[in-house]
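The file final-v9.pdb contains PDB, C-alpha atoms:
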ATOM      1  CA  MET W 320      89.457 191.945 334.127
ATOM      2  CA  THR W 321      87.304 190.855 336.996
ATOM      3  CA  GLY W 322      83.645 191.556 336.367
ATOM      4  CA  HIS W 323      80.350 190.236 337.690
ATOM      5  CA  MET W 324      81.848 186.832 338.407
ATOM      6  CA  THR W 325      84.578 187.341 341.012
ATOM      7  CA  THR W 326      84.845 183.784 342.287
ATOM      8  CA  PRO W 327      86.965 181.027 340.691
ATOM      9  CA  ALA W 328      85.431 179.381 337.604
ATOM     10  CA  ALA W 329      86.366 175.932 338.919
ATOM     11  CA  ALA W 330      87.667 174.361 342.110
ATOM     12  CA  LEU W 331      91.102 175.526 343.161
ATOM     13  CA  ALA W 332      93.970 173.113 342.629
ATOM     14  CA  ASP W 333      94.854 171.343 345.889
ATOM     15  CA  SER W 334      98.464 171.005 344.806
ATOM     16  CA  LEU W 335     100.722 171.606 341.829
ATOM     17  CA  PRO W 336     103.173 169.251 340.160
ATOM     18  CA  GLU W 337     106.581 169.325 341.831
ATOM     19  CA  TRP W 338     108.018 170.771 338.636
ATOM     20  CA  VAL W 339     105.876 173.941 338.779
ATOM     21  CA  THR W 340     106.902 177.084 340.703
ATOM     22  CA  LEU W 341     104.907 180.324 340.916
ATOM     23  CA  LEU W 342     106.742 183.663 341.089
ATOM     24  CA  ARG W 343     104.082 186.372 341.345
ATOM     25  CA  ALA W 344     104.968 189.874 340.165
ATOM     26  CA  PRO W 345     104.427 192.797 342.569
ATOM     27  CA  ASN W 346     101.834 194.519 340.370
ATOM     28  CA  PRO W 347      98.474 193.904 342.079
ATOM     29  CA  GLY W 348      95.464 195.885 340.914
ATOM     30  CA  PRO W 349      91.848 195.649 339.774
ATOM     31  CA  MET W 350      92.958 194.413 336.335
ATOM     32  CA  THR W 351      95.804 192.138 337.509
ATOM     33  CA  LEU W 352      94.251 190.663 340.691
ATOM     34  CA  ASP W 353      97.120 189.687 343.037
ATOM     35  CA  GLY W 354      99.680 190.393 340.315
ATOM     36  CA  THR W 355     100.916 188.748 337.131
ATOM     37  CA  ASN W 356     101.791 185.066 337.540
ATOM     38  CA  THR W 357     105.210 184.107 336.243
ATOM     39  CA  TRP W 358     105.377 180.327 336.040
ATOM     40  CA  LEU W 359     108.676 178.444 336.188
ATOM     41  CA  LEU W 360     108.784 174.828 335.011
ATOM     42  CA  ARG W 361     111.722 172.517 335.697
ATOM     43  CA  ALA W 362     111.460 168.775 335.161
ATOM     44  CA  PRO W 363     112.929 166.648 337.967
ATOM     45  CA  GLY W 364     116.577 165.884 337.344
ATOM     46  CA  ARG W 365     116.894 168.478 334.584
ATOM     47  CA  ASP W 366     119.109 171.545 334.692
ATOM     48  CA  GLU W 367     117.249 173.987 332.461
ATOM     49  CA  ALA W 368     113.944 175.533 333.417
ATOM     50  CA  ILE W 369     111.272 177.188 331.270
ATOM     51  CA  VAL W 370     109.776 180.557 332.201
ATOM     52  CA  VAL W 371     106.233 181.514 331.176
ATOM     53  CA  ASP W 372     105.283 185.241 331.166
ATOM     54  CA  PRO W 373     108.106 187.316 332.713
ATOM     55  CA  GLY W 374     105.660 190.003 333.806
ATOM     56  CA  PRO W 375     106.398 193.716 334.218
ATOM     57  CA  ALA W 376     109.812 195.371 334.051
ATOM     58  CA  ASP W 377     110.324 195.181 337.790
ATOM     59  CA  GLU W 378     114.002 194.610 338.568
ATOM     60  CA  GLU W 379     113.395 192.767 341.841
ATOM     61  CA  HIS W 380     110.879 190.418 340.234
ATOM     62  CA  LEU W 381     113.133 189.753 337.255
ATOM     63  CA  ALA W 382     116.075 189.084 339.582
ATOM     64  CA  ARG W 383     113.960 186.514 341.465
ATOM     65  CA  ILE W 384     113.261 184.760 338.166
ATOM     66  CA  ALA W 385     116.900 184.901 337.062
ATOM     67  CA  ALA W 386     117.958 183.335 340.364
ATOM     68  CA  HIS W 387     116.403 180.100 339.054
ATOM     69  CA  ALA W 388     118.863 179.905 336.129
ATOM     70  CA  PRO W 389     119.738 178.079 334.000
ATOM     71  CA  VAL W 390     116.683 178.760 331.843
ATOM     72  CA  GLY W 391     116.370 177.321 328.349
ATOM     73  CA  PHE W 392     113.794 179.749 326.993
ATOM     74  CA  VAL W 393     110.934 182.069 327.900
ATOM     75  CA  LEU W 394     107.343 181.645 326.696
ATOM     76  CA  ILE W 395     104.757 184.414 326.261
ATOM     77  CA  THR W 396     100.991 183.759 326.409
ATOM     78  CA  HIS W 397     100.041 187.142 324.901
ATOM     79  CA  GLY W 398     101.462 190.589 324.392
ATOM     80  CA  HIS W 399      99.863 192.728 327.102
ATOM     81  CA  PRO W 400     102.538 194.701 328.955
ATOM     82  CA  ASP W 401     101.858 193.221 332.380
ATOM     83  CA  HIS W 402     103.059 189.925 330.873
ATOM     84  CA  THR W 403     105.811 191.102 328.530
ATOM     85  CA  ASP W 404     107.427 194.356 329.665
ATOM     86  CA  GLY W 405     110.153 192.442 331.501
ATOM     87  CA  SER W 406     110.951 190.077 328.624
ATOM     88  CA  ARG W 407     114.009 191.713 327.092
ATOM     89  CA  ARG W 408     115.562 192.572 330.426
ATOM     90  CA  LEU W 409     115.030 189.018 331.661
ATOM     91  CA  ALA W 410     116.604 187.631 328.493
ATOM     92  CA  GLU W 411     119.655 189.792 329.220
ATOM     93  CA  LEU W 412     119.830 188.675 332.850
ATOM     94  CA  LEU W 413     119.696 185.054 331.690
ATOM     95  CA  GLY W 414     122.545 185.497 329.224
ATOM     96  CA  GLY W 415     120.537 186.007 326.055
ATOM     97  CA  VAL W 416     117.984 183.181 326.164
ATOM     98  CA  PRO W 417     115.284 183.299 323.454
ATOM     99  CA  VAL W 418     111.795 184.632 324.168
ATOM    100  CA  LEU W 419     109.092 182.766 322.217
ATOM    101  CA  ALA W 420     105.696 184.270 321.397
ATOM    102  CA  ALA W 421     103.048 184.012 318.694
ATOM    103  CA  ASP W 422     103.414 187.700 317.827
ATOM    104  CA  PRO W 423     106.873 188.515 316.399
ATOM    105  CA  ALA W 424     106.722 191.862 318.221
ATOM    106  CA  HIS W 425     107.199 189.981 321.495
ATOM    107  CA  THR W 426     109.859 187.492 320.462
ATOM    108  CA  VAL W 427     113.548 187.895 321.265
ATOM    109  CA  ASP W 428     116.092 186.014 319.153
ATOM    110  CA  ALA W 429     113.428 183.541 318.015
ATOM    111  CA  ALA W 430     110.898 182.915 315.260
ATOM    112  CA  PRO W 431     107.186 183.336 316.075
ATOM    113  CA  LEU W 432     105.504 180.282 317.545
ATOM    114  CA  THR W 433     103.221 178.341 315.231
ATOM    115  CA  GLY W 434     101.504 174.994 315.603
ATOM    116  CA  SER W 435     102.648 172.445 318.164
ATOM    117  CA  TRP W 436     106.254 171.821 318.915
ATOM    118  CA  GLU W 437     108.419 169.857 321.298
ATOM    119  CA  PRO W 438     111.320 171.917 322.637
ATOM    120  CA  ALA W 439     114.835 170.741 321.922
ATOM    121  CA  GLY W 440     117.546 170.642 324.555
ATOM    122  CA  GLY W 441     116.210 167.890 326.749
ATOM    123  CA  SER W 442     113.825 169.948 328.904
ATOM    124  CA  GLY W 443     111.923 166.800 329.815
ATOM    125  CA  PHE W 444     108.641 168.339 328.673
ATOM    126  CA  ARG W 445     106.369 168.071 325.717
ATOM    127  CA  ILE W 446     104.815 171.474 325.077
ATOM    128  CA  ASP W 447     101.905 171.928 322.697
ATOM    129  CA  LEU W 448     100.830 175.375 321.632
ATOM    130  CA  VAL W 449      97.041 175.739 321.946
ATOM    131  CA  PRO W 450      95.712 178.673 319.865
ATOM    132  CA  ALA W 451      93.480 180.798 322.091
ATOM    133  CA  PRO W 452      92.651 184.107 320.376
ATOM    134  CA  GLY W 453      89.866 186.205 321.824
ATOM    135  CA  HIS W 454      91.205 188.072 324.843
ATOM    136  CA  THR W 455      93.750 189.343 322.320
ATOM    137  CA  ALA W 456      94.425 188.262 318.757
ATOM    138  CA  ASP W 457      97.813 186.804 319.732
ATOM    139  CA  SER W 458      96.699 184.856 322.832
ATOM    140  CA  VAL W 459      97.904 181.266 323.123
ATOM    141  CA  CYS W 460      97.892 178.643 325.847
ATOM    142  CA  PHE W 461     100.499 175.968 326.477
ATOM    143  CA  LEU W 462      99.713 172.341 327.246
ATOM    144  CA  VAL W 463     102.726 170.962 329.107
ATOM    145  CA  ASP W 464     103.222 167.239 329.705
ATOM    146  CA  HIS W 465     105.835 165.575 331.862
ATOM    147  CA  GLY W 466     105.545 161.815 332.217
ATOM    148  CA  GLY W 467     101.787 161.928 331.689
ATOM    149  CA  GLU W 468     101.234 164.718 334.237
ATOM    150  CA  ARG W 469      99.760 167.721 332.431
ATOM    151  CA  VAL W 470      99.014 171.393 333.039
ATOM    152  CA  VAL W 471      97.587 174.122 330.798
ATOM    153  CA  LEU W 472      99.075 177.593 331.062
ATOM    154  CA  THR W 473      96.085 179.745 330.170
ATOM    155  CA  GLY W 474      97.441 183.303 330.291
ATOM    156  CA  ASP W 475      94.462 185.653 330.490
ATOM    157  CA  THR W 476      92.135 183.378 328.504
ATOM    158  CA  ILE W 477      91.075 181.746 331.784
ATOM    159  CA  LEU W 478      91.863 183.492 335.069
ATOM    160  CA  GLY W 479      92.136 181.970 338.496
ATOM    161  CA  ARG W 480      89.392 184.288 339.715
ATOM    162  CA  GLY W 481      86.714 186.311 337.922
ATOM    163  CA  THR W 482      86.315 186.842 334.191
ATOM    164  CA  THR W 483      88.604 188.325 331.573
ATOM    165  CA  VAL W 484      88.031 191.244 329.235
ATOM    166  CA  VAL W 485      87.720 190.715 325.484
ATOM    167  CA  ALA W 486      89.992 193.579 324.465
ATOM    168  CA  HIS W 487      88.103 194.904 321.440
ATOM    169  CA  PRO W 488      89.049 195.648 318.694
ATOM    170  CA  ASP W 489      92.133 193.414 319.009
ATOM    171  CA  GLY W 490      90.091 190.860 320.924
ATOM    172  CA  ASP W 491      87.170 189.092 319.277
ATOM    173  CA  LEU W 492      84.260 187.409 321.053
ATOM    174  CA  GLY W 493      83.658 184.779 318.365
ATOM    175  CA  ASP W 494      87.315 183.776 318.586
ATOM    176  CA  TYR W 495      87.131 183.784 322.377
ATOM    177  CA  LEU W 496      84.120 181.458 322.481
ATOM    178  CA  ALA W 497      85.878 179.093 320.073
ATOM    179  CA  SER W 498      88.996 179.173 322.262
ATOM    180  CA  LEU W 499      86.944 178.298 325.338
ATOM    181  CA  GLU W 500      85.365 175.405 323.431
ATOM    182  CA  ARG W 501      88.881 174.205 322.607
ATOM    183  CA  LEU W 502      90.012 174.465 326.235
ATOM    184  CA  SER W 503      86.917 172.646 327.473
ATOM    185  CA  ALA W 504      88.488 169.441 326.129
ATOM    186  CA  TYR W 505      91.150 169.466 328.875
ATOM    187  CA  ARG W 506      89.111 167.690 331.530
ATOM    188  CA  GLY W 507      90.828 167.251 334.860
ATOM    189  CA  VAL W 508      93.946 169.116 333.706
ATOM    190  CA  VAL W 509      95.237 171.783 336.092
ATOM    191  CA  ALA W 510      94.995 175.339 334.725
ATOM    192  CA  LEU W 511      97.844 177.721 335.541
ATOM    193  CA  PRO W 512      96.409 181.192 334.811
ATOM    194  CA  GLY W 513      98.090 184.524 334.188
ATOM    195  CA  HIS W 514      96.433 185.963 337.293
ATOM    196  CA  GLY W 515      94.894 184.407 340.377
ATOM    197  CA  PRO W 516      95.158 180.893 341.836
ATOM    198  CA  ALA W 517      95.627 177.649 339.916
ATOM    199  CA  LEU W 518      92.437 175.760 339.045
ATOM    200  CA  ALA W 519      91.949 172.021 339.331
ATOM    201  CA  ASP W 520      90.101 171.523 336.038
ATOM    202  CA  CYS W 521      90.723 173.581 332.907
ATOM    203  CA  GLY W 522      87.781 171.970 331.099
ATOM    204  CA  ALA W 523      85.331 172.779 333.888
ATOM    205  CA  ALA W 524      86.577 176.374 334.038
ATOM    206  CA  ALA W 525      86.147 176.751 330.276
ATOM    207  CA  ASP W 526      82.584 175.434 330.527
ATOM    208  CA  TYR W 527      81.798 177.918 333.278
ATOM    209  CA  TYR W 528      83.244 180.772 331.237
ATOM    210  CA  LEU W 529      81.190 179.725 328.218
ATOM    211  CA  ALA W 530      77.996 179.739 330.255
ATOM    212  CA  HIS W 531      78.874 183.135 331.702
ATOM    213  CA  ARG W 532      79.601 184.623 328.267
ATOM    214  CA  ARG W 533      76.372 183.303 326.802
ATOM    215  CA  ALA W 534      74.410 184.737 329.722
ATOM    216  CA  ARG W 535      76.101 188.097 329.160
ATOM    217  CA  LEU W 536      75.155 187.957 325.482
ATOM    218  CA  ASP W 537      71.530 187.435 326.449
ATOM    219  CA  GLN W 538      71.754 190.480 328.720
ATOM    220  CA  VAL W 539      73.265 192.571 325.940
ATOM    221  CA  ARG W 540      70.551 191.464 323.512
ATOM    222  CA  ALA W 541      67.949 192.531 326.072
ATOM    223  CA  ALA W 542      69.673 195.895 326.577
ATOM    224  CA  VAL W 543      69.670 196.572 322.838
ATOM    225  CA  ALA W 544      66.015 195.530 322.607
ATOM    226  CA  ALA W 545      65.265 197.973 325.443
ATOM    227  CA  GLY W 546      66.698 200.806 323.372
ATOM    228  CA  ASP W 547      70.332 201.110 324.453
ATOM    229  CA  THR W 548      72.289 202.426 321.468
ATOM    230  CA  THR W 549      75.780 203.046 322.881
ATOM    231  CA  ALA W 550      78.308 200.773 324.517
ATOM    232  CA  ALA W 551      78.259 203.016 327.586
ATOM    233  CA  GLN W 552      74.495 202.595 327.935
ATOM    234  CA  VAL W 553      74.796 198.820 327.688
ATOM    235  CA  VAL W 554      77.562 198.815 330.313
ATOM    236  CA  ALA W 555      75.453 200.914 332.682
ATOM    237  CA  ARG W 556      72.599 198.419 332.408
ATOM    238  CA  VAL W 557      74.405 195.082 332.151
ATOM    239  CA  TYR W 558      77.444 195.818 334.344
ATOM    240  CA  ALA W 559      75.636 197.936 336.932
ATOM    241  CA  ASP W 560      77.002 195.751 339.732
ATOM    242  CA  VAL W 561      80.624 196.203 338.611
ATOM    243  CA  ASP W 562      82.787 198.910 340.173
ATOM    244  CA  ARG W 563      82.501 202.027 338.001
ATOM    245  CA  SER W 564      86.293 202.318 337.910
ATOM    246  CA  LEU W 565      86.245 199.230 335.655
ATOM    247  CA  TRP W 566      83.499 200.364 333.290
ATOM    248  CA  TRP W 567      86.056 201.590 330.751
ATOM    249  CA  ALA W 568      87.289 197.988 330.426
ATOM    250  CA  ALA W 569      83.755 196.601 330.423
ATOM    251  CA  GLU W 570      83.116 198.788 327.376
ATOM    252  CA  TRP W 571      85.740 196.784 325.503
ATOM    253  CA  SER W 572      83.867 193.558 326.168
ATOM    254  CA  VAL W 573      80.538 195.198 325.312
ATOM    255  CA  ARG W 574      81.897 196.411 321.974
ATOM    256  CA  ALA W 575      83.064 192.872 321.275
ATOM    257  CA  GLN W 576      79.626 191.543 322.241
ATOM    258  CA  LEU W 577      77.818 194.054 320.048
ATOM    259  CA  GLU W 578      80.070 193.247 317.114
ATOM    260  CA  TYR W 579      79.401 189.533 317.633
ATOM    261  CA  LEU W 580      75.654 190.260 317.577
ATOM    262  CA  GLY W 581      75.966 192.404 314.457
ATOM    263  CA  VAL W 582      75.018 195.611 316.278
ATOM    264  CA  THR W 583      76.897 198.843 315.538
ATOM    265  CA  PRO W 584      76.976 201.130 318.595
ATOM    266  CA  ARG W 585      76.120 204.755 317.960
ATOM    267  CA  GLU W 586      79.456 206.196 319.043
ATOM    268  CA  SER W 587      83.002 205.245 318.124
ATOM    269  CA  GLY W 588      86.081 205.061 320.326
ATOM    270  CA  GLY W 589      86.662 203.058 323.466
ATOM    271  CA  GLY W 590      88.488 202.708 326.731
ATOM    272  CA  GLU W 591      92.127 203.265 327.436
ATOM    273  CA  ALA W 592      94.533 200.884 325.789
ATOM    274  CA  ARG W 593      96.148 199.284 328.858
ATOM    275  CA  LEU W 594      94.800 196.413 330.870
ATOM    276  CA  ASP W 595      97.430 196.702 333.585
ATOM    277  CA  GLN W 596      96.669 200.218 334.740
ATOM    278  CA  PRO W 597      95.937 200.698 338.427
TER
END

Could you write out this file's structure as structure tokens?
Amino acid sequence: MTGHMTTPAAALADSLPEWVTLLRAPNPGPMTLDGTNTWLLRAPGRDEAIVVDPGPADEEHLARIAAHAPVGFVLITHGHPDHTDGSRRLAELLGGVPVLAADPAHTVDAAPLTGSWEPAGGSGFRIDLVPAPGHTADSVCFLVDHGGERVVLTGDTILGRGTTVVAHPDGDLGDYLASLERLSAYRGVVALPGHGPALADCGAAADYYLAHRRARLDQVRAAVAAGDTTAAQVVARVYADVDRSLWWAAEWSVRAQLEYLGVTPRESGGGEARLDQP
């Protein structure tokens, strides 16, 4: 979600490696920015490409992806529907290629991803799975290396513009902060996010996100000290400058912040369970 910070967390990438192609899904909205980014990776001189995050079940978008066949496999950064709803249909269009994800619910003809692995089949890439829980429990990033040129596919852990929601209760703020610390190690590595433009420096973006999250925590502490006892009250104080149409999503992050601080809000429940709604 885009919140108080609506600008990029780091400088935009001036250019992308020649082996990276962006196919943006036609699902723009306040939660998806310009639309879900489907990234296609094909090493020079290689036949098979790799697809990252097929996006929604939009036939025209999926046909655009399939036009880049052959594809060896499809990768999923996390299970939210704006990234995964098109997975099974795309696998069919591509002749039954496997879909690889950390959560078995989002795999197709494949075992769940664990640890780091180097894909077989001569893709020309080394791909390391980088655990990145926080936005969701199943969130991962992918560090891709071709001949020493590297990118990090960050899903919704780091966006190209604005901040992301910690989707409580599935998302966890402590996990998210740890994931950002992990990503801060990738200095000077281009970040290819799930939404928004590519960023020149994944490490710098992670640092900026960490600073933003810690500042938000200070604001939430102050709101609780001032007597706010519900997540809605904290949102109204801390996220007053955010469009009210997004307050339901801000409540998710506030619940995650309160849990991290050991504060139990007075009411139970939460926002709607889709991040890709208009």

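If only C-alpha atoms are the atoms counted, then among W:Thr483, W:Thr433, W:Ser406, W:Thr473 the closest residue to Leu518 of chain W is W:Thr473.
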
Hits from the PyMOL selection byres ((chain W and resi 376) around 10), listed as a VMD selection string: chain W and resid 344 373 to 375 377 to 381 400 to 409

Next, the residues of the selection above should be written as a short mmCIF file (atom, residue, chain, number, x, y, z; two decimals), in the coordinates of the input with C-alpha atoms.
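So the final result, stored in part.cif, reads:
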data_model
loop_
_atom_site.label_atom_id
_atom_site.label_comp_id
_atom_site.auth_asym_id
_atom_site.auth_seq_id
_atom_site.Cartn_x
_atom_site.Cartn_y
_atom_site.Cartn_z
CA ALA W 344 104.97 189.87 340.16
CA PRO W 373 108.11 187.32 332.71
CA GLY W 374 105.66 190.00 333.81
CA PRO W 375 106.40 193.72 334.22
CA ASP W 377 110.32 195.18 337.79
CA GLU W 378 114.00 194.61 338.57
CA GLU W 379 113.40 192.77 341.84
CA HIS W 380 110.88 190.42 340.23
CA LEU W 381 113.13 189.75 337.26
CA PRO W 400 102.54 194.70 328.96
CA ASP W 401 101.86 193.22 332.38
CA HIS W 402 103.06 189.92 330.87
CA THR W 403 105.81 191.10 328.53
CA ASP W 404 107.43 194.36 329.66
CA GLY W 405 110.15 192.44 331.50
CA SER W 406 110.95 190.08 328.62
CA ARG W 407 114.01 191.71 327.09
CA ARG W 408 115.56 192.57 330.43
CA LEU W 409 115.03 189.02 331.66
#

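Put simply, atom CA of Val471 of chain W is 15.1 Å away from atom CA of Asp526 of chain W.
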
Just say which residues the PyMOL selection byres ((chain W and resi 429) around 7) picks in this file, as a short mmCIF file (atom, residue, chain, number, x, y, z; two decimals) with C-alpha atoms, in the coordinates of the input.
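Produced file result08.cif, reproduced below:
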data_model
loop_
_atom_site.label_atom_id
_atom_site.label_comp_id
_atom_site.auth_asym_id
_atom_site.auth_seq_id
_atom_site.Cartn_x
_atom_site.Cartn_y
_atom_site.Cartn_z
CA PRO W 417 115.28 183.30 323.45
CA VAL W 418 111.80 184.63 324.17
CA LEU W 419 109.09 182.77 322.22
CA THR W 426 109.86 187.49 320.46
CA VAL W 427 113.55 187.90 321.26
CA ASP W 428 116.09 186.01 319.15
CA ALA W 430 110.90 182.92 315.26
CA PRO W 431 107.19 183.34 316.08
#

Atom CA of Ala542 of chain W to atom CA of Val582 of chain W, distance in Å rounded to a single decimal: 11.6 Å

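The nearest approach to His531 of chain W among the residues W:Thr396, W:Asn356, W:Thr482, W:Asn346, with all atoms listed in the file taken into account, belongs to W:Thr482.
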
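The spacing separating atom CA of Cys521 of chain W from atom CA of Val484 of chain W amounts to 18.2 Å.
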
9 Å contact set for Asp464 of chain W, only C-alpha atoms, chain neighbours under 6 positions out, as a count of residues only: 7
